[in-house]
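Before any comments, here is the structure.
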Amino acid sequence: MPGIDESLLEAMRLPGARGASLVDWISGLALGAVGEAPGGDWEATAAETAELARHVAESGSLAAAGAGPAGSARPAVPAAAPAVAPEEEPPVEDMIATTADAYHLIRFVSTPFDSTVFLHLWLDRNDGNLALARIRLSEMADRLVLG
Amino acid sequence: MTRVTTTWTTHETTSAALGALAAEGATGALSGERGIVYLAAGRVVHVESAFTPDLGALLTRSGAVAADGWWDAVDRGGRQARVGHRLVDSGRLAAGALEVCHLGALFDAAYFVLAHDTRAHRFRPGAVHWLGAVRSVPVDVVVRECGRRRALLDRIWPDPDIDTVPLTRVPDAGAAALPVRRGRTLTQVDGVRTASQIASALACRTYHTLVELRRLAADGLVTAAPPAPASVAPGPSPRDVVWDDPDTALLRRLRDALEAL
């Protein structure tokens with residue numbers, strides 16, 4: 001059963017992987033990081049990508065089409081509900097940014113308790129395989145939380 | 001256990017005391033006004049604060065771990081300080097999930113311990129938390145992160161009162177289409193509860209609740225509740241309402257102390 005470091009090291013075994021981290025998208029904290037940091041500083045990278053991820057995670061427009069439980073959970077009618085497991089969020093699964101020489105793949109991790117984290121994989125554009133990385137990162141996100 | 005050579009007491013702030021203890025590679029528990037920081041070999045392994053839900057509250061009240069399962073792990077693993085391992089070994093929680101939740105709780109509590117960075121009260125050398133080793137974090141990373149979190153809150157809405165006083169909704173303010181977390185937080189604002197009570201009710205980390213509340217305040221949806229008139233009918237004071245976490249934390253510590261006898 002992989003912990004954070006094992007999951008990140010597994011991500012680094014993907015062809016073309018340059019750096020991988022697990023980041024909280026509300027606080028901007030890097031819970032773990034391996035390999036090279038894009039921009040040279042993991043803390044700064046985490047804070048920046050967290051802000052980007054937060055906007056996407058909170059976007060009403062991106063998740064609007066076929067919005068399932070997350071859309072219907074939008075509390076137009078406030079209910080005095082007890083603690084709710086935040087498993088339905090965020091509505092977006094992943095996001096990809098492409099630069100001249102790299103891909104940034106950000107995969108939201110869904111947990112049965114309160115956490116707001118994503119996996120960030122920095123992938124070389126020549127050596128990396130984006131489709132493969134996307135599938136693998138999704139599997140890693142599940143294994144990290146479910147074992 | 002650990003020989004402490006310099007005196008952490010000479011430092012005016014908890015963060016400076018932590019720095020000195022880290023430099024010594026100390027193991028033990030440093031108590032401050034708002035919580036306790038556990039060190040192992042100079043690194044932070046756990047932090048507790050009455051202002052934040054602990055790991056057990058985050059896991060059980062969200063339904064991630066059944067309460068029976070949690071207490072079984074505490075019963076079987078508490079004495080050897082291996083509760084975290086018990087949870088994973090018994091298949092109740094994945095190793096990664098434990099680490100993510102533990103780090104979430106650690107940094108959440110640390111924020112409150114260091115938010116008012118006053119002089120630390122005492123250090124118990126050799127004290128070990130019953131949760132046991134999960135992940136450790138360098139002291140300077142924790143201190144830097146807490147400063148960054150403070151700055152983030154102030155960028156959102158520079159009113160620290162929102163973090164501590166009872167909160168109320170702004171009448172007639174339209175709250176259409178809020179993001180899920182923010183909307184859920186808003187439903188708990190009732191004119192009585194404080195941010196940490198709202199976090200407890202939602203089984204959410206308190207800092208992350210503060211972020212949502214400051215955004216709600218910036219949007220003009222939430223504000224500090226006016227102080228209750230002094231002569232209201234007798235009833236529970238705000239402090240007595242829905243806020244049982246400090247008591248459970250105390251009971252748990254008491255039980256651990258008794259078991260250790």
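Residue names in the structure tokens use chain letters A, B, ... in the order shown, residue numbers from 1 in each chain, and ligand numbers from 1 in the order shown.
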With chain A as the partner and 6 Å as the cut-off, tabulate the residues of chain B that qualify, each row holding the nearest pair of atoms and their distance in Å to one decimal, using only C-alpha atoms, sorted by chain and rising number, as a Markdown table.
| residue | atom | partner | partner_atom | distance |
| --- | --- | --- | --- | --- |
| B:Leu59 | CA | A:Phe113 | CA | 5.9 |
| B:Ser62 | CA | A:Ala85 | CA | 4.8 |
| B:Ala64 | CA | A:Pro112 | CA | 5.1 |
| B:Ala94 | CA | A:Gly147 | CA | 4.6 |
| B:Ala95 | CA | A:Gly3 | CA | 5.1 |
| B:Gly96 | CA | A:Gly3 | CA | 4.0 |
| B:Ala97 | CA | A:Val145 | CA | 4.6 |
| B:Pro179 | CA | A:Glu58 | CA | 5.1 |
| B:Val180 | CA | A:Arg74 | CA | 5.5 |
| B:Gly183 | CA | A:Pro75 | CA | 5.7 |
| B:Thr187 | CA | A:Pro78 | CA | 5.3 |
| B:Ala201 | CA | A:Ala83 | CA | 5.9 |
| B:Leu202 | CA | A:Ala83 | CA | 4.3 |
| B:Ala203 | CA | A:Ala83 | CA | 5.8 |
| B:Cys204 | CA | A:Asp114 | CA | 5.4 |
I'd like the contact shell of stretch 9-16 of chain A - 10 Å cut-off, only C-alpha atoms, skipping same-chain residues fewer than 5 positions apart - returned as number ranges by chain.
A: 2, 4, 21, 33-35, 102-103, 119-130, 132-133, 136-137, 140
Pick from B:Ala176, B:Ala217, B:Ala22, B:Leu93: nearest to B:Val141, with only C-alpha atoms counted?
B:Ala22
Write out as a PyMOL selection string which residues come within 7 Å of stretch 25-38 of chain B when counting only C-alpha atoms, dropping same-chain ones fewer than 2 positions away.
chain B and resi 2+4+14+21-23+40-42+44-50+112-113+120-129
Export N, CA and C atoms of the chosen residues as a compact mmCIF listing (two decimals), in the first residue's frame?
# COMPACT_ATOMS: atom_id res chain seq x y z
N THR B 2 15.78 12.00 25.66
CA THR B 2 16.63 12.94 24.94
C THR B 2 17.27 13.91 25.93
N VAL B 4 18.48 17.33 26.78
CA VAL B 4 18.29 18.69 26.29
C VAL B 4 19.39 19.55 26.89
N THR B 14 7.10 30.59 20.76
CA THR B 14 7.03 29.15 20.55
C THR B 14 7.86 28.74 19.35
N LEU B 21 14.87 23.54 19.93
CA LEU B 21 14.69 22.11 20.18
C LEU B 21 15.03 21.29 18.93
N ALA B 22 14.70 21.83 17.75
CA ALA B 22 15.03 21.14 16.50
C ALA B 22 16.54 21.05 16.34
N ALA B 23 17.23 22.14 16.67
CA ALA B 23 18.68 22.16 16.54
C ALA B 23 19.34 21.13 17.45
N ALA B 40 10.08 14.54 17.33
CA ALA B 40 10.88 13.32 17.42
C ALA B 40 12.18 13.59 16.67
N ALA B 41 13.29 13.46 17.37
CA ALA B 41 14.61 13.74 16.79
C ALA B 41 14.62 15.10 16.09
N GLY B 42 13.99 16.08 16.71
CA GLY B 42 14.06 17.45 16.21
C GLY B 42 13.08 17.77 15.09
N VAL B 44 8.97 17.73 13.59
CA VAL B 44 7.58 17.75 14.07
C VAL B 44 6.88 16.47 13.59
N VAL B 45 6.34 15.70 14.55
CA VAL B 45 5.63 14.48 14.17
C VAL B 45 4.12 14.61 14.39
N HIS B 46 3.72 15.52 15.25
CA HIS B 46 2.29 15.69 15.47
C HIS B 46 2.05 17.03 16.16
N VAL B 47 0.86 17.61 15.93
CA VAL B 47 0.47 18.84 16.62
C VAL B 47 -1.00 18.71 16.98
N GLU B 48 -1.33 19.14 18.19
CA GLU B 48 -2.73 19.13 18.64
C GLU B 48 -3.13 20.53 19.05
N SER B 49 -4.36 20.90 18.75
CA SER B 49 -4.89 22.17 19.24
C SER B 49 -6.37 22.02 19.49
N ALA B 50 -6.87 22.67 20.54
CA ALA B 50 -8.30 22.62 20.83
C ALA B 50 -9.10 23.37 19.76
N PHE B 112 -2.67 27.22 14.44
CA PHE B 112 -3.22 27.88 15.63
C PHE B 112 -2.20 28.01 16.75
N VAL B 113 -1.33 27.00 16.88
CA VAL B 113 -0.29 27.08 17.90
C VAL B 113 0.62 28.28 17.61
N ALA B 120 6.37 29.63 24.90
CA ALA B 120 5.90 28.27 25.17
C ALA B 120 5.80 28.05 26.67
N HIS B 121 4.84 27.22 27.09
CA HIS B 121 4.64 26.99 28.52
C HIS B 121 5.61 25.98 29.10
N ARG B 122 5.67 24.81 28.47
CA ARG B 122 6.61 23.82 29.01
C ARG B 122 6.97 22.79 27.97
N PHE B 123 8.08 22.09 28.23
CA PHE B 123 8.53 21.03 27.35
C PHE B 123 8.67 19.75 28.16
N ARG B 124 8.02 18.69 27.69
CA ARG B 124 8.14 17.40 28.35
C ARG B 124 9.09 16.53 27.54
N PRO B 125 10.34 16.40 27.97
CA PRO B 125 11.30 15.62 27.18
C PRO B 125 10.85 14.17 27.10
N GLY B 126 10.99 13.58 25.92
CA GLY B 126 10.69 12.16 25.76
C GLY B 126 9.23 11.85 25.54
N ALA B 127 8.34 12.83 25.70
CA ALA B 127 6.91 12.54 25.52
C ALA B 127 6.64 12.16 24.06
N VAL B 128 5.83 11.11 23.89
CA VAL B 128 5.53 10.59 22.56
C VAL B 128 4.01 10.62 22.39
N HIS B 129 3.54 10.99 21.22
CA HIS B 129 2.09 11.00 20.99
C HIS B 129 1.60 9.58 20.71
Check stretch 25-185 of chain B with DSSP on the backbone and list each residue it calls strand (DSSP E), as a JSON list (two decimals) with N, CA and C atoms, in the first residue's frame.
[["chain", "number", "residue", "atom", "x", "y", "z"],
["B", 28, "GLY", "N", 10.08, 15.13, 22.30],
["B", 28, "GLY", "CA", 9.21, 15.49, 23.41],
["B", 28, "GLY", "C", 8.06, 16.36, 22.96],
["B", 29, "ALA", "N", 7.33, 16.91, 23.93],
["B", 29, "ALA", "CA", 6.13, 17.69, 23.63],
["B", 29, "ALA", "C", 6.27, 19.09, 24.16],
["B", 30, "LEU", "N", 6.12, 20.08, 23.28],
["B", 30, "LEU", "CA", 6.20, 21.49, 23.67],
["B", 30, "LEU", "C", 4.78, 22.05, 23.72],
["B", 31, "SER", "N", 4.37, 22.51, 24.91],
["B", 31, "SER", "CA", 3.02, 23.05, 25.07],
["B", 31, "SER", "C", 3.05, 24.55, 24.97],
["B", 32, "GLY", "N", 2.11, 25.08, 24.20],
["B", 32, "GLY", "CA", 1.94, 26.53, 24.12],
["B", 32, "GLY", "C", 0.53, 26.86, 24.53],
["B", 35, "GLY", "N", -1.94, 24.91, 22.01],
["B", 35, "GLY", "CA", -1.79, 23.53, 21.59],
["B", 35, "GLY", "C", -0.44, 22.95, 21.94],
["B", 36, "ILE", "N", -0.21, 21.74, 21.47],
["B", 36, "ILE", "CA", 1.01, 20.99, 21.81],
["B", 36, "ILE", "C", 1.68, 20.52, 20.52],
["B", 37, "VAL", "N", 2.99, 20.74, 20.44],
["B", 37, "VAL", "CA", 3.77, 20.27, 19.29],
["B", 37, "VAL", "C", 4.63, 19.10, 19.75],
["B", 38, "TYR", "N", 4.51, 17.96, 19.06],
["B", 38, "TYR", "CA", 5.31, 16.78, 19.40],
["B", 38, "TYR", "C", 6.49, 16.70, 18.44],
["B", 39, "LEU", "N", 7.66, 16.56, 19.03],
["B", 39, "LEU", "CA", 8.89, 16.44, 18.23],
["B", 39, "LEU", "C", 9.47, 15.04, 18.40],
["B", 40, "ALA", "N", 10.08, 14.54, 17.33],
["B", 40, "ALA", "CA", 10.88, 13.32, 17.42],
["B", 40, "ALA", "C", 12.18, 13.59, 16.67],
["B", 43, "ARG", "N", 12.27, 16.78, 14.69],
["B", 43, "ARG", "CA", 11.28, 17.04, 13.63],
["B", 43, "ARG", "C", 9.87, 16.97, 14.21],
["B", 44, "VAL", "N", 8.97, 17.73, 13.59],
["B", 44, "VAL", "CA", 7.58, 17.75, 14.07],
["B", 44, "VAL", "C", 6.88, 16.47, 13.59],
["B", 45, "VAL", "N", 6.34, 15.70, 14.55],
["B", 45, "VAL", "CA", 5.63, 14.48, 14.17],
["B", 45, "VAL", "C", 4.12, 14.61, 14.39],
["B", 46, "HIS", "N", 3.72, 15.52, 15.25],
["B", 46, "HIS", "CA", 2.29, 15.69, 15.47],
["B", 46, "HIS", "C", 2.05, 17.03, 16.16],
["B", 47, "VAL", "N", 0.86, 17.61, 15.93],
["B", 47, "VAL", "CA", 0.47, 18.84, 16.62],
["B", 47, "VAL", "C", -1.00, 18.71, 16.98],
["B", 48, "GLU", "N", -1.33, 19.14, 18.19],
["B", 48, "GLU", "CA", -2.73, 19.13, 18.64],
["B", 48, "GLU", "C", -3.13, 20.53, 19.05],
["B", 122, "ARG", "N", 5.67, 24.81, 28.47],
["B", 122, "ARG", "CA", 6.61, 23.82, 29.01],
["B", 122, "ARG", "C", 6.97, 22.79, 27.97],
["B", 123, "PHE", "N", 8.08, 22.09, 28.23],
["B", 123, "PHE", "CA", 8.53, 21.03, 27.35],
["B", 123, "PHE", "C", 8.67, 19.75, 28.16],
["B", 124, "ARG", "N", 8.02, 18.69, 27.69],
["B", 124, "ARG", "CA", 8.14, 17.40, 28.35],
["B", 124, "ARG", "C", 9.09, 16.53, 27.54],
["B", 125, "PRO", "N", 10.34, 16.40, 27.97],
["B", 125, "PRO", "CA", 11.30, 15.62, 27.18],
["B", 125, "PRO", "C", 10.85, 14.17, 27.10],
["B", 137, "VAL", "N", 7.94, 16.36, 9.78],
["B", 137, "VAL", "CA", 8.16, 17.56, 8.98],
["B", 137, "VAL", "C", 9.20, 18.42, 9.71],
["B", 138, "PRO", "N", 10.18, 18.99, 8.99],
["B", 138, "PRO", "CA", 11.15, 19.87, 9.65],
["B", 138, "PRO", "C", 10.45, 21.08, 10.30],
["B", 167, "LEU", "N", -20.14, 34.10, 14.26],
["B", 167, "LEU", "CA", -20.37, 34.70, 12.94],
["B", 167, "LEU", "C", -21.83, 34.65, 12.58],
["B", 168, "THR", "N", -22.24, 35.61, 11.77],
["B", 168, "THR", "CA", -23.63, 35.65, 11.33],
["B", 168, "THR", "C", -23.68, 35.95, 9.84],
["B", 169, "ARG", "N", -24.81, 35.54, 9.22],
["B", 169, "ARG", "CA", -25.01, 35.86, 7.81],
["B", 169, "ARG", "C", -25.43, 37.31, 7.67]]
Excluding B:Gly220 and any residue of its chain fewer than 5 positions from it, enumerate the residues within 12 Å of it, using only C-alpha atoms, and give them as an MDAnalysis selection string.
chainID B and resid 157 168:175 186 213:215
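One finds atom CA of B:Phe51 at 7.2 Å from atom CA of B:Ala109.
Pairwise distance (atom CA of B:Ser196, atom CA of B:Thr52) equals 6.4 Å.
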Which of chain A fall in helix (DSSP H, G or I), as a VMD selection string:
chain A and resid 4 to 12 38 to 40 42 to 57 69 to 72 86 to 88 130 to 146
Could you turn the residues from that selection into a file that holds C-alpha atoms, as a CSV table (one decimal), in the first residue's frame?
chain,number,residue,atom,x,y,z
A,4,ILE,CA,2.8,9.8,-0.4
A,5,ASP,CA,6.5,9.3,-1.2
A,6,GLU,CA,5.9,5.9,-2.9
A,7,SER,CA,3.2,7.3,-5.0
A,8,LEU,CA,5.3,10.2,-6.1
A,9,LEU,CA,8.3,7.9,-6.9
A,10,GLU,CA,6.0,5.8,-8.9
A,11,ALA,CA,4.9,8.8,-10.9
A,12,MET,CA,8.6,9.6,-11.5
A,38,PRO,CA,9.3,23.5,-12.0
A,39,GLY,CA,10.8,27.0,-11.4
A,40,GLY,CA,13.3,25.6,-8.9
A,42,TRP,CA,8.7,23.4,-4.6
A,43,GLU,CA,7.0,25.7,-2.1
A,44,ALA,CA,6.6,28.5,-4.7
A,45,THR,CA,5.4,26.1,-7.3
A,46,ALA,CA,2.9,24.5,-5.0
A,47,ALA,CA,1.4,27.9,-3.9
A,48,GLU,CA,1.1,29.0,-7.6
A,49,THR,CA,-0.4,25.7,-8.9
A,50,ALA,CA,-2.7,25.6,-5.9
A,51,GLU,CA,-4.2,28.9,-6.8
A,52,LEU,CA,-4.8,27.7,-10.4
A,53,ALA,CA,-6.3,24.4,-9.3
A,54,ARG,CA,-8.6,26.2,-6.8
A,55,HIS,CA,-10.1,28.3,-9.5
A,56,VAL,CA,-10.7,25.2,-11.6
A,57,ALA,CA,-12.0,23.2,-8.7
A,69,PRO,CA,-23.7,15.0,-7.4
A,70,ALA,CA,-21.4,18.0,-7.2
A,71,GLY,CA,-23.8,20.2,-9.2
A,72,SER,CA,-26.8,19.1,-7.3
A,86,PRO,CA,-16.6,15.7,0.9
A,87,GLU,CA,-16.1,12.8,-1.5
A,88,GLU,CA,-18.1,14.4,-4.4
A,130,LEU,CA,0.6,12.4,-22.0
A,131,ALA,CA,-2.2,9.8,-22.6
A,132,LEU,CA,-0.4,7.1,-20.6
A,133,ALA,CA,0.6,9.6,-17.8
A,134,ARG,CA,-3.0,10.7,-17.5
A,135,ILE,CA,-4.2,7.1,-17.0
A,136,ARG,CA,-1.4,6.2,-14.6
A,137,LEU,CA,-1.8,9.3,-12.5
A,138,SER,CA,-5.5,8.6,-12.1
A,139,GLU,CA,-4.7,5.1,-10.9
A,140,MET,CA,-2.1,6.4,-8.5
A,141,ALA,CA,-4.6,8.9,-7.1
A,142,ASP,CA,-7.0,6.1,-6.3
A,143,ARG,CA,-4.3,3.8,-4.9
A,144,LEU,CA,-3.0,6.6,-2.6
A,145,VAL,CA,-6.3,6.9,-1.0
A,146,LEU,CA,-7.8,3.4,-1.3
